[in-house]
Amino acid sequence: MSILIAILVLGGMCLFFGALLGYAAVKFKVEGDPLVEQLDALLPQTQCGQCGYPGCKPYAQAIANGEAINKCAPGGEDTIKKIANLMGVDVQPLDESHAQDNTPKVAFIIEEDCIGCTKCIQACPVDAIIGAAKQMHTIIADECTGCDLCVAPCPVDCIKMIPIAQTTHNWQWDLNRINVKTIDADDYSNKQSNNVKTNTTEEVNV
Amino acid sequence: MAFFIASSPHEHNRNKTSQLMRLVIYATIPGVFAQWYFFGWGNLIQISIAVCCALLTEFTVLSLREKPNGKAIKHQLFDGSAILTAVLLGIAVPALAPWWIIVIGAVFAILVVKQLYGGLGHNPFNPAMAAYVLLLVSFPVQMTNWQPPLSLMSTHLDFANTLSTILTGYTNEGYSVAQLRTHIDGYTMATPLDTLKTNLTLGLTIDESRKNMVFGENFALGWEWINLGFLAGGLFLLAKKAIHWSTPVSFLLSILIFTFIAYTINPGMNAPTMFHWLSGGTMLGAFFILTDPVSGATSVKGRLVFGALAGFIFVIIRHLGGYPDGVAFAVLLCNMAAPLIDLYTKPRTYGQINSNNTTKELT
Amino acid sequence: MGSILARIKQGRWWKFHGGIHPPEQKFLTMHKPIRNLPLPKVLVLPLKQHIGQKGDIQVNVGDNVLKGQPLTNSPHPMAVPIHAPTSGIITEIKNTLVAHPSGLSELCIFIKPDEKEEWVARHICQDYKQLSAQEILTKITNAGIAGMGGAGFPTNVKINTKVATKFLIINAAECEPYITADDLLMREHSSEIVDGIKILNKVLSAEQILIAIEDNKPEAIKALKKVTGSLDNFHVCVIPTIYPTGGEKQLITRLTGLEVPQGGLPSALGIVVQNVATCFAVADAVINDIPLIRRVVTVTGKALEKPQNVWALLGTPIKHLLTQCGYQKQSPEHLIMGGPMMGFSLPSIDISITKTSNCILAPSTKEIPKDNNEVDCIRCGQCADVCPSQLLPQELQWFAKAKDHDQLQKFNLFDCIECGACAYVCPSQIPLVHYYRIAKAEIRQQQQQDLKAEKAKARFEARKQRLAQEKIKREEKHRKAAEARKAAMNSNTAQAKDAKSAVAAALARAKAKKAQASDDNNDKKSQVSAAIARAKAKKQAKDGIATNKTTTAKTSDRLTKEKNADDQEVLDSITSSNTETTKPNTKKQNSNDNNNETATKEKVLTKAEKIALAVAKAKAKKAAENSSTHHTDSNLNSIDNDINNQNNTDDINAKKQRIAVAVAKAKAKKQQQSTESKNNQSKESS
Amino acid sequence: MSLLNTEYKEIAWQGLWKNNPGLVQILGLCPLLAVTSTITNALGLGLATMLVLIGSNVTVSLVRQWVPKEIRIPIFVMIIAAFVTCVQLLMNAFTYGLYQSLGIFLPLIVTNCTIIGRAEAYASKNPVKKAFFDGLMMGLGFALLLLVLGGIREILGQGTLFDGAQLLLGDWASSLKIEVFHFDNKFLLAILPPGAFFTLGFLIAGKNYIDAKVATRKPKVEEKTIERMRVNFDAQ
Amino acid sequence: MNISIQKNSRVLALFAIVCTAIVGIVHETTKNRIAIQKQQHLLNILHSIIAPERLNNNIYQDCLTITNAELGTVTPQKVYLAKYNDKPVAAAITTIAPDGYNGNIELIVALNMNDTISGVRVLEHQETPGLGDNIDERKSPWILSFNDKKIPAEKDSQWHVAKDGGIFDQFTGATITPRAVVKAVKKTARYFKQHKQELFNQKANCRGNS
């Protein structure tokens with residue numbers, strides 16, 4: 001008898017909870033994957049394709065589906081850390097095969113070599129190149145993400161990737177990098193020849 | 001010509017961590033002296049064993065951790081923190097505890113509590129107290145075998161005898177620790193705290209218990225003097241500004257308040273404040289353990305809360321706990337609470353105001 | 001307000017949290033008068049000597065300039081001009097080391113003085129009280145005055161507030177241990193300073209003027225009290241000496257008990273703070289029409305024989321100052337611009353004085369030793385005790401080391417004023433401020449990058465959308481054209497035939513032209529092919545490096561194949577990639593001039609993976625389709641060429657032929673489209 | 001066939017080392033830490049866990065086709081609970097001696113995350129045979145860890161091995177007891193739960209150390225060049 | 001939505017019913033055996049503290065439930081009466097020592113009619129392994145030291161652990177556990193001494209099942 005009661009009670013409860021879960025499954029179903037959006041927001045949006053996916057969003061999608069998190073070369077360690085944080089996995093070092101020199105760069109078109117073929121324009125994922133057929137092209141440096149996708153399509157190899165120079169604005173307080181040099185101040189005309197790097201940053205107190 | 005590049009500030013007041021540590025070590029001298037005077041050589045031997053073991057362990061771990069160059073290891077080895085830990089542990093263990101007790105304690109303190117957590121500055125617990133608790137929990141027999149004051153002992157305990165007891169368990173004459181602890185009339189001696197605890201469970205009142213001879217009369221037997229010694233050392237540290245006043249003051253005040261409440265409610269079952277202040281490791285804890293900056297709270301407000309909480313736990317353990325003294329446990333529990341205390345006592349940063357205030361004042 | 005004033009009058013000051021007492025070193029220079037220096041051989045003027053932007057250069061190399069002549073100009077309010085400190089010739093305009101902690105170069109103007117000190121035309125103002133606020137503002141702007149206390153905020157911007165000013169605070173606290181420049185200036189030029197203050201107050205019309213001065217400058221206090229004694233809304237506030245009272249926020253709290261809200265400016269409280277030296281410069285500029293071309297610099301430190309305050313022209317190389325003060329070279333040399341607490345090390349002796357350089361500190365090796373004994377933080381909390389911003393430096397350094405930017409911001413890193421008090425007291429000798437600076441720079445950069453990424457994403461999405469729309473439009477157009485042609489074919493009436501064929505012809509012509517434009521540009525042809533050949537040679541070289549496992553013979557073989565755009569090659573490469581498990585190669589199939597964009601330059605990338613089999617299959621399929629597309633494309637092109645030819649010869653009887661051509665073209669197009677769609681399908685399925 | 005073999009090898013490797021439920025997934029900590037004061041206790045809990053793990057894996061794998069995704073967790077929990085209860089009842093009835101010594105571990109197992117974890121992660125997606133093998137290997141991995149942990153703690157704590165084995169295995173097992181070394185004082189910390197945390201910590205550290213060593217010894221995998229994708233607008 | 005709800009609730013209920021049914025069936029089939037096993041186990045314990053040849057009644061059935069604060073606990077305890085030819089021989093009383101180091105210690109104390117202790121066993125405890133758990137007979141013979149001790153008088157200084165000046169050893173390092181056991185046994189023994197007659201006059205009222 002007690003078993004029968006147990007069966008009835010449990011059965012009834014399960015009917016109820018099953019119904020509840022069934023309702024919840026339909027009602028709270030998540031359309032799309034917010035995870036992908038979050039991941040996409042962490043990626044640097046260079047759309048460079050170095051990860052092996054055509055753009056940042058597809059890679060975000062792939063990570064959500066279990067792809068390795070260490071393939072974004074332009075994002076570097078920082079991005080990997082953030083993704084690891086979001087995904088709740090361990091931080092991994094950047095996958096060497098995807099690792100390129102990821103110092104920030106901008107593309108630059110050597111104007112005398114440009115034949116105006118527009119191929120780079122079509123390759124640029126962020127419309128950062130202006131120009132028209134048979135017209136010389138140029139790059140809007142501010143919009144360039146440095147993905148270097150325009151370099152390969154150029155038939156005349158007139159696009160160079162130039163590292164972004166360090167200025168007093170974007171300097172990161174790296175005291176070790178300061179070149180200590182002494183120049184003869186009295187005679188500035190001699191300056192060029194006298195430009196001796198003593199290369200003695202000493203033991204810098206950092 | 002070489003130029004020296006450094007980040008500001010270029011000037012520095014040249015206080016160093018190692019100096020701070022050294023100062024604290026010096027400040028233990030009065031207390032240790034009192035210990036030596038009333039209980040003999042035991043603790044001095046324990047301290048020296050502990051220091052050796054601690055330095056050896058520290059050296060081994062630092063070598064394994066491969067810090068950049070040999071100079072750095074030496075630098076870290078003698079920054080005083082390991083020595084201080086060892087000294088405190090040596091003070092805390094029973095004077096006649098066997099040598100392997102202090103060895104295990106010192107190694108555990110440095111290896112597990114300090115270095116496994118990342119070394120100096122990274123340990124969440126006070127290494128000396130964590131090691132003391134480990135020993136207390138693991139070897140209750142040895143750790144509760146307190147030697148009675150020299151004046152109450154039937155055997156004469158000189159340096160050689162003490163050393164022999166610590167190393168072999170027997171004096172040169174062949175007495176065991178248990179025999180050493182036996183009073184002339186055949187009664188095994190315990191510390192006042194222990195005696196009090198036992199007597200309370202037997203239904204005796206505090207006053208009855210205090211007739212026991214381990215309590216001595218008017219500071220005669222040394223426990224009070226040891227505490228006073230550490231108090232003196234603590235005051236020296238305060239004067240030197242090596243420690244902040246907030247923690248010891250709030251700790252002792254908190255003990256005062258809670259023991260006073262307990263004493264007022266039931267004087268028969270609760271010892272008076274003065275007894276708690278001057279027995280066990282109260283003063284050592286107040287000035288040398290709780291003030292350990294690494295495992296304590298940082299802001300003044302935080303330190304006040306920290307000390308008060310420690311005092312509360314201390315009183316609770318002494319009255320209700322299974323162990324006679326509660327300093328070590330109170331310290332560890334408060335160490336655990338320290339990050340939380342820090343979080344809730346975070347100071348208001350300059351300019352973080354609800355703008356109502358300022359505008360009101362101006363208009 | 002009233003209560004604040006009452007307290008000020010009683011001399012009871014408020015407290016700010018923390019602060020330190022570094023040992024006083026002012027005695028080195030405080031008893032000697034300000035010295036005038038001989039002209040240096042060269043003056044180096046950075047275009048930007050303040051916070052803000054640099055102006056546009058108004059002069060050229062070789063120009064003769066007069067003393068006080070503006071060298072830059074800009075309508076931007078944050079771009080204050082610079083002036084020639086003396087008359088002379090401009091020898092160079094180029095990048096050189098500037099007074100910045102980074103030791104990086106910025107654009108500078110080099111002036112070789114001619115020793116004549118010829119002034120540009122000046123208009124000395126007889127009575128500044130007659131001037132309107134706007135006139136004063138213009139004069140200050142044109143004189144190029146920026147805050148001379150250290151930060152260098154343009155003065156014209158700072159005093160041009162919209163909020164009614166209650167307090168004008170004159171910062172004469174000068175709390176850094178060595179610096180006495182303001183002290184001496186106050187002693188020697190107190191009346192000019194008060195003039196300057198009055199001028200400023202004409203613009204600000206503040207209710208009360210508080211001159212804040214630390215009690216370690218008794219003579220300056222005396223001098224100021226003497227000058228301001230008769231003025232009723234002037235208060236000389238003698239405040240206790242504690243570092244960093246000179247910090248703007250700390251000074252405000254000290255004097256008024258108010259706190260500048262987080263992220264806000266003092267002007268929100270109705271307070272403006274100006275440095276004494278700035279007041280002097282204002283007086284000079286408004287009354288004497290002397291722009292900011294010189295300043296008092298404390299040249300001090302035990303490495304000098306004669307440490308002293310000097311009048312230095314802006315642009316004077318430090319070397320000049322040091323030699324004048326008897327500099328004894330130390331090893332290693334350590335030069336600090338600014339005080340020992342907040343100044344920065346200089347990497348060279350040739351850096352010049354700017355508007356914000358108030359001190360050159362040349363300490364002896366003993367004076368500021370170079371020990372680097374950073375040990376781990378033991379959380380002693382001394383740093384938190386002295387932090388004037390009431391931050392938790394020990395927590396911040398922890399997060400900074402861990403690069404935990406979120407936590408750093410949560411712990412108000414950006415409220416740190418970098419005064420260095422924490423690092424000064426730290427027993428573990430942690431260079432805390434340095435960690436914060438790095439962290440701040442990183443966070444700022446991160447924020448910029450995030451912004452950039454956001455923008456890039458938006459542009460990427462926009463482009464995607466645009467391309468999708470274009471594609472739809474294109475297809476629509478093709479469909480219509482095809483329909484039209486079909487109709488033309490089907491119709492029997494000559495008229496319709498005529499019209500429709502005309503349309504078709506026009507379309508075809510346009511197409512042909514387009515094709516011509518992109519492909520058969522006769523003018524440029526040789527040039528282009530030359531360029532392409534060059535590029536190919538380059539790429540070939542690259543390929544040779546990249547695929548060092550394959551023999552050169554093979555490479556060249558492949559290249560010849562590529563030139564022919566042989567489909568077989570693609571298949572070859574794929575099959576070879578199947579068998580090659582060692583090293584995957586990146587292969588490029590180069591362009592065939594006659595093909596259109598997408599087909600011309602197809603990068604066939606192969607990857608040797610476990611699933612190579614499947615991938616290769618899919619690729620082979622794709623390649624096959626591509627090649628067929630390519631054929632249809634070339635068909636299309638040949639048709640286009642045909643049309644071209646026909647267009648060239650004016651042929652009336654070619655209608656039929658044209659129609660046939662159009663039909664063929666439509667067919668070809670259809671074929672192409674179908675292959676394209678197939679392509680897409682296969683892509684999707686793969 | 002060899003493919004199948006390697007698959008089973010992989011399962012075994014996962015269970016015993018690479019994905020060991022105790023050492024790597026750090027699951028089932030509560031029984032793991034509470035019960036491993038001696039090797040005998042460890043053996044008891046290990047056997048019980050293995051048994052239940054195999055049983056629940058097989059059962060879950062059997063019913064996996066009929067379980068809708070939304071309610072799989074409640075169902076797994078019910079299956080495991082029912083399974084454990086049945087085992088407990090049966091043991092109680094028929095092997096009372098064993099129940100006396102193992103019985104206290106059985107209720108602990110119901111809440112052991114390893115079991116629901118394997119049901120969810122493996123058994124619900126794989127055929128019975130594999131699920132059985134996975135249960136066996138995971139259980140074995142868990143049991144082995146428990147044995148090591150129990151062994152170390154027992155040696156450190158009281159200097160013996162297999163103390164009290166007769167309680168689990170019958171009277172003959174009392175001869176199993178090995179006195180490794182004798183000390184007058186037990187090292188209580190090793191026997192108490194903190195000792196279990198310390199020991200487990202060192203074991204995990206040891207495993208990571210070995211893994212790191214192996215990884216450095218392995219020759220570097222040949223460099224791959226990546227397939228750089230072009231952002232393809234036409235495909236969308 | 002309705003389909004999902006119906007399906008899920010049906011499946012879940014089905015599983016619940018099946019699982020519960022299986023458990024129920026197993027329970028039903030093993031119920032009796034388990035009871036027998038338990039009884040056997042208890043009997044074993046009883047026999048170990050009261051020699052089986054001393055009694056010839058069904059001790060397991062001759063059982064009382066009593067609640068008396070003098071036992072040191074207010075939870076109902078059991079008394080098993082041992083008789084030889086209906087003559088009282090001894091009684092086994094379960095009790096709880098509430099002040100163990102780690103909570104309650106459940107004991108069974110057998111007492112002879114001649115006011116001596118026949119035997120004591122620990123039924124359940126959570127004392128520190130390796131330290132307090134020596135009260136368990138399987139770990140240490142300490143518990144046997146109660147055997148044949150005389151029931152103590154009201155103020156008997158002997159009935160303490162050695163540390164408190166009594167005759168019972170404490171374990172090194174653990175005083176609390178043996179102290180608690182000694183105290184509980186003492187209380188039970190006193191209770192027995194005072195109430196033994198009325199215990200044996202009562203009718204068995206717990207029918208053996210626990």
# chains A, B, ... in the order shown; residues from 1 in each chain; ligands from 1

$ residues_around --residues "Gly42 of chain B" --least-positions-apart "2" --cutoff "6 Å" --atoms "only C-alpha atoms" --output "list in words"
Gly40, Leu44, Ile45, Ala95, Leu96 and Thr162 of chain B

$ residues_around --residues "Glu112 of chain A" --least-positions-apart "3" --cutoff "9 Å" --atoms "only C-alpha atoms" --output "PyMOL selection string"
chain A and resi 109+115+136+158

$ select_by_dssp --residues "segment 29-159 of chain E" --states "alpha helix (DSSP H)" --output "ChimeraX atom specification"
/E:29-49

$ residues_around --residues "His50 of chain C" --least-positions-apart "4" --cutoff "12 Å" --atoms "only C-alpha atoms" --output "NGL selection string"
:C and (46 or 54-55 or 78-82 or 99-100 or 144-155 or 354-357)

$ residues_around --residues "His123 of chain C" --least-positions-apart "2" --cutoff "12 Å" --atoms "only C-alpha atoms" --output "mmCIF file with N, CA, C and O atoms, in the first residue's frame"
data_model
loop_
_atom_site.group_PDB
_atom_site.id
_atom_site.type_symbol
_atom_site.label_atom_id
_atom_site.label_comp_id
_atom_site.auth_asym_id
_atom_site.auth_seq_id
_atom_site.Cartn_x
_atom_site.Cartn_y
_atom_site.Cartn_z
ATOM 1 N N GLY C 68 59.605 87.349 -29.260
ATOM 2 C CA GLY C 68 58.185 87.460 -28.996
ATOM 3 C C GLY C 68 57.312 87.199 -30.205
ATOM 4 O O GLY C 68 56.094 87.271 -30.123
ATOM 5 N N TRP C 119 62.918 93.023 -30.380
ATOM 6 C CA TRP C 119 61.534 92.696 -30.061
ATOM 7 C C TRP C 119 60.631 92.878 -31.260
ATOM 8 O O TRP C 119 60.845 93.742 -32.094
ATOM 9 N N VAL C 120 59.636 92.084 -31.304
ATOM 10 C CA VAL C 120 58.557 92.295 -32.238
ATOM 11 C C VAL C 120 57.771 93.488 -31.703
ATOM 12 O O VAL C 120 57.909 93.859 -30.536
ATOM 13 N N ALA C 121 56.965 94.121 -32.526
ATOM 14 C CA ALA C 121 56.224 95.301 -32.070
ATOM 15 C C ALA C 121 55.321 94.965 -30.899
ATOM 16 O O ALA C 121 54.594 93.965 -30.937
ATOM 17 N N CYS C 125 50.272 97.958 -22.351
ATOM 18 C CA CYS C 125 48.976 98.412 -21.853
ATOM 19 C C CYS C 125 49.198 99.306 -20.638
ATOM 20 O O CYS C 125 49.823 98.889 -19.659
ATOM 21 N N GLN C 126 48.716 100.521 -20.718
ATOM 22 C CA GLN C 126 48.947 101.453 -19.621
ATOM 23 C C GLN C 126 48.102 101.107 -18.406
ATOM 24 O O GLN C 126 48.578 101.134 -17.287
ATOM 25 N N ASP C 127 46.845 100.777 -18.689
ATOM 26 C CA ASP C 127 45.962 100.526 -17.560
ATOM 27 C C ASP C 127 45.098 99.313 -17.852
ATOM 28 O O ASP C 127 44.144 99.373 -18.625
ATOM 29 N N TYR C 128 45.495 98.209 -17.258
ATOM 30 C CA TYR C 128 44.772 96.983 -17.585
ATOM 31 C C TYR C 128 43.341 96.999 -17.052
ATOM 32 O O TYR C 128 42.509 96.226 -17.449
ATOM 33 N N LYS C 139 44.335 88.378 -25.065
ATOM 34 C CA LYS C 139 45.752 88.623 -24.804
ATOM 35 C C LYS C 139 46.415 87.383 -24.197
ATOM 36 O O LYS C 139 47.518 87.003 -24.579
ATOM 37 N N ASP C 284 52.595 89.844 -17.070
ATOM 38 C CA ASP C 284 53.576 90.175 -18.092
ATOM 39 C C ASP C 284 52.912 90.290 -19.455
ATOM 40 O O ASP C 284 53.189 91.208 -20.227
ATOM 41 N N ALA C 285 52.049 89.348 -19.736
ATOM 42 C CA ALA C 285 51.436 89.293 -21.057
ATOM 43 C C ALA C 285 50.450 90.425 -21.243
ATOM 44 O O ALA C 285 50.444 91.095 -22.272
ATOM 45 N N VAL C 286 49.631 90.683 -20.238
ATOM 46 C CA VAL C 286 48.566 91.672 -20.415
ATOM 47 C C VAL C 286 49.125 93.102 -20.307
ATOM 48 O O VAL C 286 48.770 93.970 -21.097
ATOM 49 N N ILE C 287 50.013 93.307 -19.366
ATOM 50 C CA ILE C 287 50.505 94.661 -19.158
ATOM 51 C C ILE C 287 51.628 94.998 -20.125
ATOM 52 O O ILE C 287 51.577 95.998 -20.833
ATOM 53 N N ASN C 288 52.643 94.117 -20.182
ATOM 54 C CA ASN C 288 53.826 94.444 -20.980
ATOM 55 C C ASN C 288 53.785 93.850 -22.375
ATOM 56 O O ASN C 288 54.711 94.012 -23.151
ATOM 57 N N ASP C 289 52.720 93.078 -22.653
ATOM 58 C CA ASP C 289 52.611 92.385 -23.930
ATOM 59 C C ASP C 289 53.834 91.505 -24.193
ATOM 60 O O ASP C 289 54.366 91.453 -25.286
ATOM 61 N N ILE C 290 54.300 90.880 -23.126
ATOM 62 C CA ILE C 290 55.378 89.905 -23.306
ATOM 63 C C ILE C 290 54.752 88.524 -23.297
ATOM 64 O O ILE C 290 54.163 88.132 -22.284
ATOM 65 N N PRO C 291 54.817 87.796 -24.376
ATOM 66 C CA PRO C 291 54.258 86.438 -24.358
ATOM 67 C C PRO C 291 55.104 85.532 -23.464
ATOM 68 O O PRO C 291 56.156 85.934 -22.970
#

$ decode --residues "segment 55-74 of chain E" --atoms "N, CA, C and O atoms" --output "PDB file, in the first residue's frame"
ATOM      1  N   LEU E  55      20.958 -16.507  29.745  1.00  0.00           N
ATOM      2  CA  LEU E  55      19.536 -16.205  29.612  1.00  0.00           C
ATOM      3  C   LEU E  55      18.884 -17.232  28.707  1.00  0.00           C
ATOM      4  O   LEU E  55      19.542 -17.872  27.882  1.00  0.00           O
ATOM      5  N   ASN E  56      17.580 -17.391  28.887  1.00  0.00           N
ATOM      6  CA  ASN E  56      16.882 -18.303  27.996  1.00  0.00           C
ATOM      7  C   ASN E  56      15.580 -17.705  27.477  1.00  0.00           C
ATOM      8  O   ASN E  56      14.761 -18.389  26.907  1.00  0.00           O
ATOM      9  N   ASN E  57      15.355 -16.399  27.748  1.00  0.00           N
ATOM     10  CA  ASN E  57      14.170 -15.777  27.139  1.00  0.00           C
ATOM     11  C   ASN E  57      14.558 -15.185  25.786  1.00  0.00           C
ATOM     12  O   ASN E  57      15.743 -15.149  25.428  1.00  0.00           O
ATOM     13  N   ASN E  58      13.534 -14.769  25.058  1.00  0.00           N
ATOM     14  CA  ASN E  58      13.815 -14.102  23.802  1.00  0.00           C
ATOM     15  C   ASN E  58      14.095 -12.633  24.111  1.00  0.00           C
ATOM     16  O   ASN E  58      13.196 -11.804  24.133  1.00  0.00           O
ATOM     17  N   ILE E  59      15.337 -12.349  24.345  1.00  0.00           N
ATOM     18  CA  ILE E  59      15.704 -11.012  24.820  1.00  0.00           C
ATOM     19  C   ILE E  59      15.290  -9.934  23.830  1.00  0.00           C
ATOM     20  O   ILE E  59      14.925  -8.818  24.186  1.00  0.00           O
ATOM     21  N   TYR E  60      15.294 -10.301  22.586  1.00  0.00           N
ATOM     22  CA  TYR E  60      14.973  -9.336  21.564  1.00  0.00           C
ATOM     23  C   TYR E  60      13.515  -8.911  21.645  1.00  0.00           C
ATOM     24  O   TYR E  60      13.166  -7.773  21.340  1.00  0.00           O
ATOM     25  N   GLN E  61      12.675  -9.863  22.082  1.00  0.00           N
ATOM     26  CA  GLN E  61      11.253  -9.536  22.209  1.00  0.00           C
ATOM     27  C   GLN E  61      10.955  -8.888  23.555  1.00  0.00           C
ATOM     28  O   GLN E  61      10.023  -8.119  23.671  1.00  0.00           O
ATOM     29  N   ASP E  62      11.737  -9.189  24.542  1.00  0.00           N
ATOM     30  CA  ASP E  62      11.490  -8.668  25.884  1.00  0.00           C
ATOM     31  C   ASP E  62      12.081  -7.265  26.003  1.00  0.00           C
ATOM     32  O   ASP E  62      13.162  -7.081  26.543  1.00  0.00           O
ATOM     33  N   CYS E  63      11.325  -6.356  25.525  1.00  0.00           N
ATOM     34  CA  CYS E  63      11.933  -5.038  25.319  1.00  0.00           C
ATOM     35  C   CYS E  63      10.998  -3.939  25.775  1.00  0.00           C
ATOM     36  O   CYS E  63       9.789  -4.020  25.590  1.00  0.00           O
ATOM     37  N   LEU E  64      11.546  -2.928  26.384  1.00  0.00           N
ATOM     38  CA  LEU E  64      10.752  -1.794  26.853  1.00  0.00           C
ATOM     39  C   LEU E  64      11.243  -0.526  26.177  1.00  0.00           C
ATOM     40  O   LEU E  64      12.414  -0.412  25.825  1.00  0.00           O
ATOM     41  N   THR E  65      10.346   0.429  26.074  1.00  0.00           N
ATOM     42  CA  THR E  65      10.781   1.756  25.660  1.00  0.00           C
ATOM     43  C   THR E  65      10.586   2.684  26.836  1.00  0.00           C
ATOM     44  O   THR E  65       9.477   2.754  27.383  1.00  0.00           O
ATOM     45  N   ILE E  66      11.628   3.330  27.238  1.00  0.00           N
ATOM     46  CA  ILE E  66      11.506   4.226  28.381  1.00  0.00           C
ATOM     47  C   ILE E  66      12.004   5.610  28.012  1.00  0.00           C
ATOM     48  O   ILE E  66      12.835   5.768  27.120  1.00  0.00           O
ATOM     49  N   THR E  67      11.467   6.575  28.690  1.00  0.00           N
ATOM     50  CA  THR E  67      11.963   7.939  28.514  1.00  0.00           C
ATOM     51  C   THR E  67      12.195   8.483  29.910  1.00  0.00           C
ATOM     52  O   THR E  67      11.276   8.620  30.701  1.00  0.00           O
ATOM     53  N   ASN E  68      13.418   8.739  30.223  1.00  0.00           N
ATOM     54  CA  ASN E  68      13.701   9.204  31.575  1.00  0.00           C
ATOM     55  C   ASN E  68      14.910  10.121  31.557  1.00  0.00           C
ATOM     56  O   ASN E  68      15.958   9.786  30.999  1.00  0.00           O
ATOM     57  N   ALA E  69      14.744  11.268  32.125  1.00  0.00           N
ATOM     58  CA  ALA E  69      15.821  12.253  32.105  1.00  0.00           C
ATOM     59  C   ALA E  69      17.037  11.783  32.881  1.00  0.00           C
ATOM     60  O   ALA E  69      18.153  12.237  32.648  1.00  0.00           O
ATOM     61  N   GLU E  70      16.816  10.853  33.792  1.00  0.00           N
ATOM     62  CA  GLU E  70      17.953  10.365  34.565  1.00  0.00           C
ATOM     63  C   GLU E  70      18.960   9.632  33.701  1.00  0.00           C
ATOM     64  O   GLU E  70      20.118   9.462  34.065  1.00  0.00           O
ATOM     65  N   LEU E  71      18.519   9.196  32.533  1.00  0.00           N
ATOM     66  CA  LEU E  71      19.435   8.526  31.615  1.00  0.00           C
ATOM     67  C   LEU E  71      20.367   9.525  30.922  1.00  0.00           C
ATOM     68  O   LEU E  71      21.252   9.140  30.181  1.00  0.00           O
ATOM     69  N   GLY E  72      20.101  10.755  31.166  1.00  0.00           N
ATOM     70  CA  GLY E  72      20.956  11.770  30.530  1.00  0.00           C
ATOM     71  C   GLY E  72      20.440  12.190  29.182  1.00  0.00           C
ATOM     72  O   GLY E  72      21.087  12.954  28.479  1.00  0.00           O
ATOM     73  N   THR E  73      19.284  11.706  28.798  1.00  0.00           N
ATOM     74  CA  THR E  73      18.722  12.093  27.516  1.00  0.00           C
ATOM     75  C   THR E  73      17.216  11.972  27.567  1.00  0.00           C
ATOM     76  O   THR E  73      16.678  11.169  28.326  1.00  0.00           O
ATOM     77  N   VAL E  74      16.551  12.765  26.789  1.00  0.00           N
ATOM     78  CA  VAL E  74      15.089  12.718  26.823  1.00  0.00           C
ATOM     79  C   VAL E  74      14.513  11.943  25.659  1.00  0.00           C
ATOM     80  O   VAL E  74      13.317  11.757  25.560  1.00  0.00           O
TER      81      VAL E  74
END
